[in-house]
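The structure appears right after this line, and notes come after that.
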Amino acid sequence: MNRSSSPGLEALLQRASTRALSEPLRQALLTCWQQPDVDTVPRLPWPVLADTLDSLALLSADEGVIVAALLFDLPGLRAHLAELPLGQAAVAVAGLLDGQEAADQVWALHAGRDAGRNSEGLRRLLLSIIHDLRVVPILLSRQLACMRAADKLPDEERRALAQLTRDIHAPLANRLGIWQLKWELEDLAFRFLDPETYRHIAREVDETRVARERYVEAVKKKLSAALAEQGIRGEVSGRPKHIYSIWRKMQKKHLAFEQLYDLRAVRVMVDDVGACYAALGAVHALWTPIPSEFDDYIARPKANDYRSLHTAVIGPEGRTIEVQIRTHEMHAQAELGVAAHWKYKEGSKGAEKAFDRKITWMRQLLEQAQDPGNPEDLAGALDAELVEDRVYALSPKGEVMDLPAGATPLDFAYHVHTMVGHRCRGAKVNGRIVPLGYKLRSGDRVEILTGKEADPRRDWLLLSNGFLASARSREKVRSWFHKLDRARNVQAGRELLERELKRLGLQQADLMVAARKFHADSVDDLYIQVALGDTGPNQVSRALLEAEKAAQAPAAPALPRPTARRGGTGKSDFTVQGVGNLLVQLARCCQPVAGEPIQGYLTRTRGVTVHRADCASLARLGAAHPDRVLPVEWGRKGSAYEVDVMVRAVDRRWLLKDITNLIAQEDAYVIEINSDNLRESGRVQLRLRLKVNDYGQLSTLLGKLEALPGVDDARRLG
């Protein structure tokens, strides 16, 4: 390649963003660049690489970070790393480069490519970040530069880049507190993924900008005067509201654009924490506060170490305005996050503590994912940790626990300590006993009730039961059962699976069919998978039904299959081979549900009745008149089907209410209920006729019915 056509490096080294580089290092880089064996083609276009360095300069990047960013995107120079005058920093630069290489593998995971390779890349990336947190700002600055230039990419590539940014990079910037990069990554991703909504909100913001800025200027003057009167030295400025955060608030609180109050917002920066609270008093003395809109993130910082006071007041002209109050140091932390701790290895104890808080969750991820046989666990756990919607619950002593959205008291227990989770027997939330599947909300005070011995339950592992929302918590339960002996796991898995098959009338199915599907060498190995939560009982039952359906498919070419009508309206719920213009109805004897293997029987007067393939009545009818048995398949999805269910439970108050509420929550319908009191045993037997959408919904519903307090058995009849 003609080097005169590639003057990029020299121009790059003259930019203000490379001031961190010493003059000897600049000259060494240029000397290496001129060597004939150096490939001068960068990974990214020169303007994008320059933009990356500009972002790093804004984050006060040091010499090692700038060099690592250069060498990664100029791979021709990487072979000459040893020739650069870096001294001891050369080892750190090599580590930063390895972290970026590992990140390339991780992002491939997100795109659905080469999952095994990605898992190893993810481990390497987390280890690199733990070793040197400076890996993250390089990755984020590079991604931001790519997003700024994404207009030039084909639509499919642009959307893929934006999806990756929204799902990985922006949440990572948030988790590590780098707000300065986070907001722009979010806005750019939003712009490319939902351009219509983005343009609509941007247009609304622009139309109200002049009046809003005039109002904010008046507020700033009045507030500055009030602070000066009380001797508080503070800097008051307007606070920008970004497009994506506006949209999120509109979605989260179901508000129209006109109803958002924090588009009008100011920020007060003072010298120390005492002045923060003094300024808060001045704000509340000047304007009436809205109590529900006050947050003290100084006393209780966010998980990403964000600290500030947030309040909303009724300002001039009766309009609501948001006020943030923080120190200059807090502001630097909020904007730069971990990038404010570039020098954490230089002996500052406070900086080391801040660094430890940032990476504790990464260490925990690596500790929980030691099993190389489960490569997807680590990726799933990372996705859960990066979710921005978090729940902040309190321990009885007031400690804040950072949990994923949807977390339960059981998740809380495992977050406190693994053995607290293993010994958990119940929980109190805000002084009231709640089920272990209760969904926590931010601010809840949680007290865990424990037993003397560790005794986790296997049904905690079933997602459908809703006991654990955190992948980390489930992994701890799974690890406990992994340590049990094989015989106990086989027995436990057999009991779980037999209960599911009994509920659904599949006791006679060949389990080796399911074992092969889930890569188990024997039925016992399948039981172990079920016991450890690697395979759900409902997955096994669904596999058995699919196998039966495939086995019953006719070998001969299918005849034309006219659509049969059910009830004379709409499209068909069934397809019957070789016949048309016939009434088709479900058999009352076995009541098949969508997804199950079925067969039809041609009656003399009632058209075709559809039976489960293993129905005893169908077997008798077919033996007498085999010519009347017809192949039938499920047709249109989304229809409701009737099924009889029996529930046996302790005869207690509110039992019926709990059952019907659960059925309604699962989007099923009750057609009929009959009950029989079993007086001698103090129990009641309920027979319910339900309408469900499909087989999967029925399976989930039966499992949840059986988990209700006092319920002994819940299974299908017929």
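Residues in the structure tokens are numbered from 1 in each chain, the chains being A, B, ... in the order shown, and ligands are numbered from 1 in the order shown.
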
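Within 6 Å of stretch 231-245 of chain A there are Asp187, Ala265, Val266, Arg267, Val268, Met269 and Val270 of chain A, counting only C-alpha atoms and ignoring same-chain residues fewer than 6 positions away.
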
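If you count only C-alpha atoms and ignore residues fewer than 4 places along the chain from A:Leu53, what sits within 10 Å of it is Leu12, Arg15, Ala16, Ser17, Thr18, Pro47, Val48, Leu49, Ala57, Leu58, Leu59, Ala61, Val65, Ile66, Val67, Ala69, Leu70, Ile138, Ser141, Arg142 and Ala145 of chain A.
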
Near stretch 410-412 of chain A, within 12 Å and counting only C-alpha atoms, which residues show up once chain neighbours fewer than 3 positions away are dropped, as an mmCIF file with N, CA and C atoms, in the first residue's frame?
```
data_model
loop_
_atom_site.group_PDB
_atom_site.id
_atom_site.type_symbol
_atom_site.label_atom_id
_atom_site.label_comp_id
_atom_site.auth_asym_id
_atom_site.auth_seq_id
_atom_site.Cartn_x
_atom_site.Cartn_y
_atom_site.Cartn_z
ATOM 1 N N VAL A 391 -34.549 -3.417 41.386
ATOM 2 C CA VAL A 391 -35.328 -3.252 42.615
ATOM 3 C C VAL A 391 -34.337 -3.041 43.753
ATOM 4 N N TYR A 392 -34.581 -2.033 44.585
ATOM 5 C CA TYR A 392 -33.690 -1.737 45.710
ATOM 6 C C TYR A 392 -34.469 -1.983 47.003
ATOM 7 N N ALA A 393 -34.237 -3.156 47.578
ATOM 8 C CA ALA A 393 -34.930 -3.549 48.809
ATOM 9 C C ALA A 393 -34.000 -3.349 49.999
ATOM 10 N N LEU A 394 -34.592 -3.250 51.197
ATOM 11 C CA LEU A 394 -33.827 -2.956 52.412
ATOM 12 C C LEU A 394 -33.812 -4.159 53.341
ATOM 13 N N SER A 395 -32.685 -4.382 53.984
ATOM 14 C CA SER A 395 -32.613 -5.387 55.044
ATOM 15 C C SER A 395 -33.185 -4.779 56.321
ATOM 16 N N GLU A 399 -29.723 -1.894 55.188
ATOM 17 C CA GLU A 399 -28.790 -2.059 54.078
ATOM 18 C C GLU A 399 -29.575 -2.215 52.770
ATOM 19 N N VAL A 400 -29.073 -1.597 51.704
ATOM 20 C CA VAL A 400 -29.752 -1.632 50.411
ATOM 21 C C VAL A 400 -29.258 -2.821 49.596
ATOM 22 N N MET A 401 -30.184 -3.627 49.091
ATOM 23 C CA MET A 401 -29.859 -4.778 48.249
ATOM 24 C C MET A 401 -30.315 -4.482 46.816
ATOM 25 N N ASP A 402 -29.390 -4.568 45.876
ATOM 26 C CA ASP A 402 -29.649 -4.287 44.463
ATOM 27 C C ASP A 402 -30.040 -5.590 43.773
ATOM 28 N N LEU A 403 -31.305 -5.689 43.327
ATOM 29 C CA LEU A 403 -31.839 -6.928 42.763
ATOM 30 C C LEU A 403 -32.441 -6.662 41.385
ATOM 31 N N PRO A 404 -32.531 -7.694 40.532
ATOM 32 C CA PRO A 404 -33.175 -7.493 39.225
ATOM 33 C C PRO A 404 -34.672 -7.290 39.376
ATOM 34 N N ALA A 405 -35.274 -6.615 38.405
ATOM 35 C CA ALA A 405 -36.725 -6.425 38.423
ATOM 36 C C ALA A 405 -37.419 -7.777 38.484
ATOM 37 N N GLY A 406 -38.499 -7.863 39.271
ATOM 38 C CA GLY A 406 -39.212 -9.125 39.438
ATOM 39 C C GLY A 406 -38.653 -9.994 40.536
ATOM 40 N N ALA A 407 -37.646 -9.492 41.271
ATOM 41 C CA ALA A 407 -37.014 -10.286 42.331
ATOM 42 C C ALA A 407 -38.011 -10.596 43.443
ATOM 43 N N HIS A 415 -29.191 -13.255 47.794
ATOM 44 C CA HIS A 415 -28.311 -12.105 47.621
ATOM 45 C C HIS A 415 -27.571 -11.799 48.922
ATOM 46 N N VAL A 416 -28.246 -11.984 50.057
ATOM 47 C CA VAL A 416 -27.596 -11.764 51.350
ATOM 48 C C VAL A 416 -26.450 -12.759 51.524
ATOM 49 N N HIS A 417 -26.758 -14.046 51.357
ATOM 50 C CA HIS A 417 -25.731 -15.090 51.463
ATOM 51 C C HIS A 417 -26.329 -16.396 50.952
ATOM 52 N N THR A 418 -25.496 -17.219 50.356
ATOM 53 C CA THR A 418 -25.982 -18.485 49.806
ATOM 54 C C THR A 418 -26.679 -19.331 50.861
ATOM 55 N N MET A 419 -26.095 -19.437 52.059
ATOM 56 C CA MET A 419 -26.690 -20.285 53.097
ATOM 57 C C MET A 419 -27.976 -19.691 53.646
ATOM 58 N N VAL A 420 -28.108 -18.355 53.625
ATOM 59 C CA VAL A 420 -29.386 -17.742 54.037
ATOM 60 C C VAL A 420 -30.479 -18.188 53.072
ATOM 61 N N GLY A 421 -30.158 -18.226 51.776
ATOM 62 C CA GLY A 421 -31.131 -18.715 50.796
ATOM 63 C C GLY A 421 -31.452 -20.174 50.992
ATOM 64 N N HIS A 422 -30.428 -21.007 51.215
ATOM 65 C CA HIS A 422 -30.660 -22.441 51.408
ATOM 66 C C HIS A 422 -31.519 -22.708 52.646
ATOM 67 N N ARG A 423 -31.380 -21.879 53.669
ATOM 68 C CA ARG A 423 -32.117 -22.103 54.930
ATOM 69 C C ARG A 423 -33.434 -21.336 54.983
ATOM 70 N N CYS A 424 -33.761 -20.602 53.914
ATOM 71 C CA CYS A 424 -34.968 -19.767 53.914
ATOM 72 C C CYS A 424 -36.230 -20.628 54.025
ATOM 73 N N ARG A 425 -37.108 -20.248 54.940
ATOM 74 C CA ARG A 425 -38.389 -20.951 55.125
ATOM 75 C C ARG A 425 -39.586 -20.020 54.900
ATOM 76 N N GLY A 426 -39.345 -18.733 54.929
ATOM 77 C CA GLY A 426 -40.426 -17.765 54.757
ATOM 78 C C GLY A 426 -39.849 -16.365 54.778
ATOM 79 N N ALA A 427 -40.726 -15.360 54.636
ATOM 80 C CA ALA A 427 -40.234 -13.980 54.601
ATOM 81 C C ALA A 427 -41.322 -13.026 55.054
ATOM 82 N N LYS A 428 -40.875 -11.916 55.629
ATOM 83 C CA LYS A 428 -41.758 -10.801 55.952
ATOM 84 C C LYS A 428 -41.343 -9.606 55.106
ATOM 85 N N VAL A 429 -42.311 -8.947 54.505
ATOM 86 C CA VAL A 429 -42.057 -7.717 53.759
ATOM 87 C C VAL A 429 -42.852 -6.604 54.426
ATOM 88 N N VAL A 434 -45.296 -12.854 53.674
ATOM 89 C CA VAL A 434 -45.681 -12.938 52.258
ATOM 90 C C VAL A 434 -45.191 -14.266 51.688
ATOM 91 N N PRO A 435 -45.763 -14.727 50.569
ATOM 92 C CA PRO A 435 -45.247 -15.949 49.914
ATOM 93 C C PRO A 435 -43.837 -15.703 49.382
ATOM 94 N N LEU A 436 -43.088 -16.774 49.187
ATOM 95 C CA LEU A 436 -41.726 -16.633 48.672
ATOM 96 C C LEU A 436 -41.713 -16.143 47.225
ATOM 97 N N GLY A 437 -42.827 -16.266 46.530
ATOM 98 C CA GLY A 437 -42.899 -15.777 45.157
ATOM 99 C C GLY A 437 -43.376 -14.338 45.039
ATOM 100 N N TYR A 438 -43.524 -13.638 46.156
ATOM 101 C CA TYR A 438 -43.970 -12.234 46.163
ATOM 102 C C TYR A 438 -42.984 -11.363 45.386
ATOM 103 N N LYS A 439 -43.475 -10.454 44.536
ATOM 104 C CA LYS A 439 -42.609 -9.574 43.746
ATOM 105 C C LYS A 439 -42.270 -8.334 44.572
ATOM 106 N N LEU A 440 -40.988 -8.157 44.836
ATOM 107 C CA LEU A 440 -40.540 -7.033 45.649
ATOM 108 C C LEU A 440 -40.610 -5.725 44.861
ATOM 109 N N ARG A 441 -40.795 -4.625 45.613
ATOM 110 C CA ARG A 441 -40.748 -3.290 45.031
ATOM 111 C C ARG A 441 -39.673 -2.480 45.735
ATOM 112 N N ASP A 444 -39.075 -1.764 49.752
ATOM 113 C CA ASP A 444 -39.580 -2.808 50.656
ATOM 114 C C ASP A 444 -38.495 -3.194 51.659
ATOM 115 N N ARG A 445 -38.918 -3.388 52.915
ATOM 116 C CA ARG A 445 -38.001 -3.855 53.959
ATOM 117 C C ARG A 445 -38.258 -5.350 54.158
ATOM 118 N N VAL A 446 -37.245 -6.157 53.930
ATOM 119 C CA VAL A 446 -37.416 -7.608 53.864
ATOM 120 C C VAL A 446 -36.702 -8.278 55.037
ATOM 121 N N GLU A 447 -37.424 -9.162 55.702
ATOM 122 C CA GLU A 447 -36.842 -9.974 56.777
ATOM 123 C C GLU A 447 -36.992 -11.443 56.380
ATOM 124 N N ILE A 448 -35.885 -12.179 56.341
ATOM 125 C CA ILE A 448 -35.900 -13.582 55.939
ATOM 126 C C ILE A 448 -36.025 -14.467 57.173
ATOM 127 N N LEU A 449 -36.974 -15.406 57.122
ATOM 128 C CA LEU A 449 -37.177 -16.370 58.207
ATOM 129 C C LEU A 449 -36.448 -17.652 57.825
ATOM 130 N N THR A 450 -35.527 -18.091 58.662
ATOM 131 C CA THR A 450 -34.675 -19.233 58.307
ATOM 132 C C THR A 450 -34.864 -20.399 59.267
ATOM 133 N N PRO A 456 -32.974 -26.382 50.544
ATOM 134 C CA PRO A 456 -33.662 -25.773 49.390
ATOM 135 C C PRO A 456 -34.596 -26.770 48.720
ATOM 136 N N ARG A 457 -35.631 -26.251 48.049
ATOM 137 C CA ARG A 457 -36.611 -27.108 47.382
ATOM 138 C C ARG A 457 -36.367 -27.107 45.877
ATOM 139 N N TRP A 460 -38.136 -24.650 43.455
ATOM 140 C CA TRP A 460 -37.621 -23.289 43.311
ATOM 141 C C TRP A 460 -36.980 -23.086 41.942
ATOM 142 N N LEU A 461 -36.524 -24.158 41.323
ATOM 143 C CA LEU A 461 -35.817 -24.060 40.049
ATOM 144 C C LEU A 461 -36.763 -23.899 38.861
ATOM 145 N N GLY A 466 -42.215 -19.226 39.677
ATOM 146 C CA GLY A 466 -41.961 -17.831 40.027
ATOM 147 C C GLY A 466 -41.260 -17.590 41.340
ATOM 148 N N PHE A 467 -40.514 -18.583 41.862
ATOM 149 C CA PHE A 467 -39.833 -18.374 43.140
ATOM 150 C C PHE A 467 -38.564 -17.541 42.988
ATOM 151 N N LEU A 468 -37.859 -17.687 41.871
ATOM 152 C CA LEU A 468 -36.581 -17.013 41.678
ATOM 153 C C LEU A 468 -36.566 -16.285 40.335
ATOM 154 N N ALA A 469 -36.242 -14.993 40.376
ATOM 155 C CA ALA A 469 -36.133 -14.212 39.146
ATOM 156 C C ALA A 469 -34.688 -14.078 38.701
ATOM 157 N N SER A 470 -33.756 -14.278 39.625
ATOM 158 C CA SER A 470 -32.342 -14.064 39.339
ATOM 159 C C SER A 470 -31.663 -15.345 38.879
ATOM 160 N N ALA A 471 -30.945 -15.265 37.752
ATOM 161 C CA ALA A 471 -30.186 -16.424 37.263
ATOM 162 C C ALA A 471 -29.116 -16.819 38.276
ATOM 163 N N ARG A 472 -28.576 -15.838 38.986
ATOM 164 C CA ARG A 472 -27.549 -16.131 39.984
ATOM 165 C C ARG A 472 -28.127 -16.967 41.123
ATOM 166 N N SER A 473 -29.334 -16.636 41.554
ATOM 167 C CA SER A 473 -29.970 -17.394 42.638
ATOM 168 C C SER A 473 -30.257 -18.824 42.200
ATOM 169 N N ARG A 474 -30.778 -18.985 40.966
ATOM 170 C CA ARG A 474 -31.076 -20.329 40.474
ATOM 171 C C ARG A 474 -29.815 -21.166 40.384
ATOM 172 N N GLU A 475 -28.710 -20.542 39.993
ATOM 173 C CA GLU A 475 -27.453 -21.281 39.890
ATOM 174 C C GLU A 475 -27.000 -21.769 41.261
ATOM 175 N N LYS A 476 -27.246 -20.987 42.311
ATOM 176 C CA LYS A 476 -26.869 -21.411 43.666
ATOM 177 C C LYS A 476 -27.699 -22.620 44.104
ATOM 178 N N VAL A 477 -28.993 -22.601 43.770
ATOM 179 C CA VAL A 477 -29.844 -23.747 44.110
ATOM 180 C C VAL A 477 -29.403 -24.968 43.306
#
```

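When atom CA of A:Ser699 is paired with atom CA of A:Asn538, their separation reads 6.6 Å.
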
Which residues in stretch 153-348 of chain A does DSSP call strand (DSSP E or B)? List them as number ranges by chain. A: 234-238, 265-270, 288-289, 295-296, 309-314, 320-327
